[in-house]
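Q: Submitted below is the structure of interest, expressed as structure tokens.
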Amino acid sequence: MLVFGRGTGADVVIADHSMSRQHARIVGGDGGWIVEDLGARNGTFLNGVRVEGPQPIVPGDVLKMGGTVVRIAEPGTAPKSGVLGTGHLASSIFRRVADITGELDREAADAPARVAARLKALNEFHRAMAEPISLDALLELLLDRLFATLHPEEGVILLRAPDGSMTTAASRRLPGAEGELLVSRRLVTEVVDKGTAALVSDIAIDERFASSHSIIGSGIRSILAAPIGDAAGCVGMVAIYSRAHVRRFSEEDLELLVSLASAAALRVRNVALADDAAARRVQDRELALAHDIQMAMLPRAFEARPELDIAASLIPARAVGGDLYDFFVTGGALWFIIADAAGKGVSAALFMAVTRTLFRAIAAAGAEVAAVVAHMNNELARDNERQFFVTALVGRLDLGSGHVTLVGAGHPAPLVLAGGKRARPIDDLDSGIALGILEGAAYRETHLRLAPSDVMLLYTDGVTEAIDAHGALFGDARLQANVSEHAALPAAEIVSRLVGAVNSYASGVPQEDDITVLAFRYRQPSS
Amino acid sequence: MQIQKTDRDGITIVAPAGRIDTTTSAAVEDALRQAVDAGARTLVVDLGQVDYISSAGLRVFLVLAKRMRDLQGRLILCGLGGPVRQVFQLAGFLPLFQVEPSQDAALSTLTHV
């Protein structure tokens, strides 16, 4: 086989600008030699007749390729047979896109009917892109114009996914086209990684696809592919395929494909960015909604009672948090909980919501505190494959006696402000395992009595583990000092001053964890 | 996040260093999961170089312990320094793990059975 052309990939390189890079080839066999045109722009003529399909040639024939004339000589007078027998052959063209876009102007000067058709396709495409268009519609339009103008059997557009891989974003095939739609890895490498446009006029004889049995077996004969990219990089590729019996692609076809793909590149990038931004806005809205729903679960306005002054604050580190506080009065007692679900974000928030629902449902049934916590734990631990857990402190204050029953589940012990003295943690709290991990775990109660005007303060580790600009923890000592200092103030003040102190301590440092504080003062026995 | 992995006589020793928090726990979880996926059934996790562990970090070890139980493998934690031990302790998770003071102690319990 012997390929003639002006490109350096041809076997016989001829410096003739009216020739295509891969213009025509002569193939030899037992039955003699045949000539085939390789999609040359100016065509190949055998004895003055344009070569449309494979044509046999005999000595004495005259081939015209562009301005070059080749006469087929008698055996013996021909060049050495070694030249005709050369094994090197590349019927494909991999070209830099910049070379091709620059050639368009010259082509327009030719102005045959099909050039006009191509310019029309380009023009239509540009016009359509001037309108607001979704990414999907843009890709469909690109395929539509390609099918209308170049008549491939199959077309596929790959776009770069966020993870960097190239994934199919749109594809189309003629009705009746069978088999799998193929995208050769080799082709993706050539087009996307190297930024080259590819014209493979005959896969069967292209060494680049020699090892690609799947693509050769698919019946695909000819491929055109171009990167969808611009100076800022390659965002994808478009490829169209044809089988031998339909048509073979030419260099002109490649030029059109490159033009359309280049025109699409900027728009694809912008539309993708806009889609991302729109998706983010939707996500932000949903998170804001989730935040509102979560906050609405927490009691804020609490009817003032003569026995009780209670206040709480929860500041999530993200839109939604894993912390929880809740309280309600039933049967002459205040039930309260503070909890911290492991991790952050939506998973923690969902676990927190489940915990709160369980607390409400189980505590309201009026069981003992340890039994309530054991029940909550069993519900949370059931089918907990992902091992989510929540640390919690659940308690019950008898409004008549000031008697407090506390059950800890892996949570920091609360502070008590008694008799105007310094705040002290309940060191002897009998704490069990955090909720959700060990089904059947037992929990023990710790009992104490609050005198009138004593305060109990519960918190999550977002308070003590808040860090300042030097990475130092807020810590237990600051917590106790701050609460002691404001012991005489109303519960709401105790809470807000502590939260304020944590915030100013950690100012300039991104909040790592939810910050939650719950405080109540037992004012007087209920009458 | 630096995570050292060594194999000694069929025992896999994984030693993360630094903070295990929301940001870094995924890396620790991946390293441990890969070790188990690769067939490790006797696992020693040395937390001697870990100076902080958050609740997200604790969850990594709960998931690992559960998986090792399901696989009837063995998991030993060792080298828990003050703050790390305290977090395990507070959450009530220490009883869920076999805990040894050091890597050597962990290995000797495994080789002298």
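Identifiers in this document derive from the order of the structure tokens: chains are assigned A, B, ..., residues are numbered from 1 separately in each chain, and ligands are numbered from 1 in order of occurrence.
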With only C-alpha atoms considered, list every residue of chain B at most 6 Å from chain A, as a PyMOL selection string.
A: chain B and resi 55-56+63+90-92
Q: Atoms to include: C-alpha atoms. Write the selected residues as a PDB file, in the first residue's frame.
A:
```pdb
ATOM      1  CA  SER B  55     -16.446  12.265  67.495  1.00  0.00           C
ATOM      2  CA  ALA B  56     -16.104  11.734  63.752  1.00  0.00           C
ATOM      3  CA  VAL B  63     -17.046   1.017  62.295  1.00  0.00           C
ATOM      4  CA  LEU B  90     -16.020  10.063  78.030  1.00  0.00           C
ATOM      5  CA  ALA B  91     -18.029   8.567  75.179  1.00  0.00           C
ATOM      6  CA  GLY B  92     -18.012   5.278  77.085  1.00  0.00           C
TER       7      GLY B  92
END
```
Q: Just the residues within 6 Å of stretch 95-104 of chain B, please, counting only C-alpha atoms, with nothing from its chain fewer than 5 positions along; format it as a PyMOL selection string.
A: chain B and resi 76-79
Q: Check the DSSP output for the backbone and give back, as a ChimeraX atom specification, the residues of chain B in strand (DSSP E).
A: /B:2-8,11-20,42-46,49-53,74-78,98-100
Q: Need the shell around A:Ile228: protein/DNA/RNA residues with any atom at most 6 Å away, counting only C-alpha atoms. Skip same-chain ones fewer than 6 positions apart. Format as a list in words?
A: Cys234, Val235, Gly236, Met237, Ala261, Ser262 and Ala265 of chain A
Q: Where in stretch 44-89 of chain B does DSSP assign helix (DSSP H, G or I), given as a PyMOL selection string?
A: chain B and resi 55-70+82-89
Q: Using only C-alpha atoms, pick whichever of B:Leu94, B:Leu47, B:Arg8, B:Ala105 has the shortest atom-to-atom distance to B:Leu80.
A: B:Leu47
Q: What's the 10 Å shell around A:Asp398, counting only C-alpha atoms, without same-chain residues fewer than 6 positions away, as a ChimeraX atom specification?
A: /A:329-335,404-405,449-450,522,525-526
Q: Taking 2 positions as the minimum chain separation for residues in the same chain, which residues sit within 12 Å of B:Arg69 when counting only C-alpha atoms? Answer as a list in words.
A: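 Result of the neighbour search: Val36, Arg41, Thr42, Leu43, Leu62, Val63, Leu64, Ala65, Lys66, Arg67, Leu71, Gln72, Gly73, Arg74, Leu75, Ile76, Leu96 and Phe97 of chain B.
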Q: State, in Å with one decimal place, the distance from atom CA of A:Pro316 to atom CA of A:Asp514.
A: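 Atom CA of A:Asp514 lies at a distance of 4.3 Å from atom CA of A:Pro316.
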Q: I'd like the contact shell of A:Ala477 - 12 Å cut-off, only C-alpha atoms, skipping same-chain residues fewer than 2 positions apart - returned as a list in words.
A: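 Here the answer would be Leu415, Arg422, Ala423, Arg424, Pro425, Val463, Thr464, Glu465, Leu473, Phe474, Gly475, Leu479, Gln480, Ala481, Asn482, Val483 and Ser484 of chain A.
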Q: Got time to write the residues from that selection, N, CA and C atoms, as a short mmCIF file (atom, residue, chain, number, x, y, z; two decimals), in the first residue's frame?
A:
```cif
data_model
loop_
_atom_site.label_atom_id
_atom_site.label_comp_id
_atom_site.auth_asym_id
_atom_site.auth_seq_id
_atom_site.Cartn_x
_atom_site.Cartn_y
_atom_site.Cartn_z
N LEU A 415 -22.66 21.66 84.78
CA LEU A 415 -22.16 22.46 85.90
C LEU A 415 -23.35 22.81 86.80
N ARG A 422 -18.89 29.19 93.37
CA ARG A 422 -18.30 28.96 92.06
C ARG A 422 -18.94 27.73 91.38
N ALA A 423 -19.07 27.83 90.05
CA ALA A 423 -19.65 26.71 89.31
C ALA A 423 -18.77 25.48 89.45
N ARG A 424 -19.41 24.31 89.65
CA ARG A 424 -18.61 23.09 89.71
C ARG A 424 -19.28 22.02 88.86
N PRO A 425 -18.47 21.22 88.19
CA PRO A 425 -19.04 20.14 87.40
C PRO A 425 -19.52 19.02 88.32
N VAL A 463 -18.24 24.19 73.15
CA VAL A 463 -17.88 25.28 74.06
C VAL A 463 -16.43 25.13 74.54
N THR A 464 -16.15 23.98 75.15
CA THR A 464 -14.82 23.81 75.75
C THR A 464 -13.73 23.57 74.71
N GLU A 465 -14.13 23.09 73.52
CA GLU A 465 -13.12 22.80 72.50
C GLU A 465 -13.02 23.89 71.45
N LEU A 473 -7.37 25.73 73.52
CA LEU A 473 -8.77 25.43 73.81
C LEU A 473 -9.37 26.45 74.78
N PHE A 474 -10.69 26.69 74.64
CA PHE A 474 -11.41 27.53 75.59
C PHE A 474 -11.33 26.87 76.98
N GLY A 475 -11.63 25.58 77.00
CA GLY A 475 -11.33 24.78 78.19
C GLY A 475 -12.31 24.91 79.34
N LEU A 479 -14.68 28.15 81.09
CA LEU A 479 -16.12 27.89 81.17
C LEU A 479 -16.62 28.15 82.58
N GLN A 480 -15.94 27.55 83.57
CA GLN A 480 -16.40 27.68 84.95
C GLN A 480 -16.30 29.11 85.45
N ALA A 481 -15.22 29.79 85.07
CA ALA A 481 -15.04 31.17 85.50
C ALA A 481 -16.14 32.06 84.93
N ASN A 482 -16.41 31.86 83.63
CA ASN A 482 -17.41 32.69 82.98
C ASN A 482 -18.79 32.49 83.60
N VAL A 483 -19.17 31.25 83.80
CA VAL A 483 -20.50 30.96 84.34
C VAL A 483 -20.59 31.48 85.78
N SER A 484 -19.53 31.30 86.57
CA SER A 484 -19.54 31.76 87.97
C SER A 484 -19.75 33.26 88.03
#
```
Q: When you draw a straight line from atom CA of A:Ser347 to atom CA of A:Gly322, how long is it in Å?
A: 8.1 Å
Q: Take atom CA of A:Gly419 and atom CA of A:Ala451 and report the distance between them in Å, one decimal.
A: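 According to the coordinates, atom CA of A:Gly419 and atom CA of A:Ala451 are separated by 7.8 Å.
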Q: Given only C-alpha atoms as the basis, pick out the residue of B:Gly48, B:Gly39, B:Gly82, B:Gly57 nearest to B:Gln4.
A: B:Gly48
Q: Show which residues sit within 8 Å of stretch 160-177 of chain A, as a list in words. Count only C-alpha atoms, and ignore same-chain residues fewer than 3 positions away.
A: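 The residues satisfying every condition are Asp136, Leu139, Glu140, Leu143, Pro152, Glu153, Glu154, Gly155, Val156, Ile157, Val235 and Gly236 of chain A.
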Q: Write the residues of the selection above to a file with N, CA and C atoms, as a PDB file, in the first residue's frame.
A:
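For reference, part_31.pdb as written:
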```
ATOM      1  N   ASP A 136     -27.757  20.664  27.824  1.00  0.00           N
ATOM      2  CA  ASP A 136     -28.288  19.535  27.064  1.00  0.00           C
ATOM      3  C   ASP A 136     -28.730  19.965  25.674  1.00  0.00           C
ATOM      4  N   LEU A 139     -25.749  20.626  23.382  1.00  0.00           N
ATOM      5  CA  LEU A 139     -25.110  19.411  22.876  1.00  0.00           C
ATOM      6  C   LEU A 139     -25.970  18.754  21.807  1.00  0.00           C
ATOM      7  N   GLU A 140     -27.292  18.759  22.038  1.00  0.00           N
ATOM      8  CA  GLU A 140     -28.210  18.203  21.031  1.00  0.00           C
ATOM      9  C   GLU A 140     -28.110  18.986  19.727  1.00  0.00           C
ATOM     10  N   LEU A 143     -24.974  17.996  17.815  1.00  0.00           N
ATOM     11  CA  LEU A 143     -25.140  16.713  17.124  1.00  0.00           C
ATOM     12  C   LEU A 143     -26.073  16.875  15.930  1.00  0.00           C
ATOM     13  N   PRO A 152     -23.129  11.317   9.542  1.00  0.00           N
ATOM     14  CA  PRO A 152     -22.510  10.143  10.168  1.00  0.00           C
ATOM     15  C   PRO A 152     -23.610   9.162  10.586  1.00  0.00           C
ATOM     16  N   GLU A 153     -23.191   7.992  11.040  1.00  0.00           N
ATOM     17  CA  GLU A 153     -24.181   7.061  11.576  1.00  0.00           C
ATOM     18  C   GLU A 153     -24.306   7.204  13.084  1.00  0.00           C
ATOM     19  N   GLU A 154     -23.194   7.602  13.689  1.00  0.00           N
ATOM     20  CA  GLU A 154     -23.194   7.740  15.140  1.00  0.00           C
ATOM     21  C   GLU A 154     -22.428   8.995  15.527  1.00  0.00           C
ATOM     22  N   GLY A 155     -22.863   9.583  16.629  1.00  0.00           N
ATOM     23  CA  GLY A 155     -22.127  10.724  17.144  1.00  0.00           C
ATOM     24  C   GLY A 155     -22.152  10.702  18.655  1.00  0.00           C
ATOM     25  N   VAL A 156     -21.083  11.150  19.265  1.00  0.00           N
ATOM     26  CA  VAL A 156     -21.043  11.139  20.718  1.00  0.00           C
ATOM     27  C   VAL A 156     -20.279  12.372  21.209  1.00  0.00           C
ATOM     28  N   ILE A 157     -20.753  12.937  22.315  1.00  0.00           N
ATOM     29  CA  ILE A 157     -20.062  14.063  22.926  1.00  0.00           C
ATOM     30  C   ILE A 157     -19.672  13.654  24.344  1.00  0.00           C
ATOM     31  N   VAL A 235     -12.544  20.884  27.537  1.00  0.00           N
ATOM     32  CA  VAL A 235     -13.646  20.486  28.410  1.00  0.00           C
ATOM     33  C   VAL A 235     -14.329  19.216  27.922  1.00  0.00           C
ATOM     34  N   GLY A 236     -13.950  18.751  26.721  1.00  0.00           N
ATOM     35  CA  GLY A 236     -14.588  17.540  26.233  1.00  0.00           C
ATOM     36  C   GLY A 236     -14.187  17.245  24.806  1.00  0.00           C
TER      37      GLY A 236
END
```
Q: Of the candidates A:Gly229, A:Asp61, A:Ala10, A:Ala263, which one gets nearest to A:Ala121 if we count only C-alpha atoms?
A: A:Ala263
Q: Pick from B:Val44, B:Met68, B:Val84, B:Arg59: nearest to B:Thr12, with only C-alpha atoms counted?
A: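 Among the listed residues, B:Val44 lies closest to B:Thr12.
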Q: With only C-alpha atoms as the basis for distance, which of B:Gln49, B:Leu107, B:Val87, B:Ala40 is at the shortest distance from B:Met1?
A: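 Comparing B:Gln49, B:Leu107, B:Val87, B:Ala40 against B:Met1, the winner is B:Gln49.
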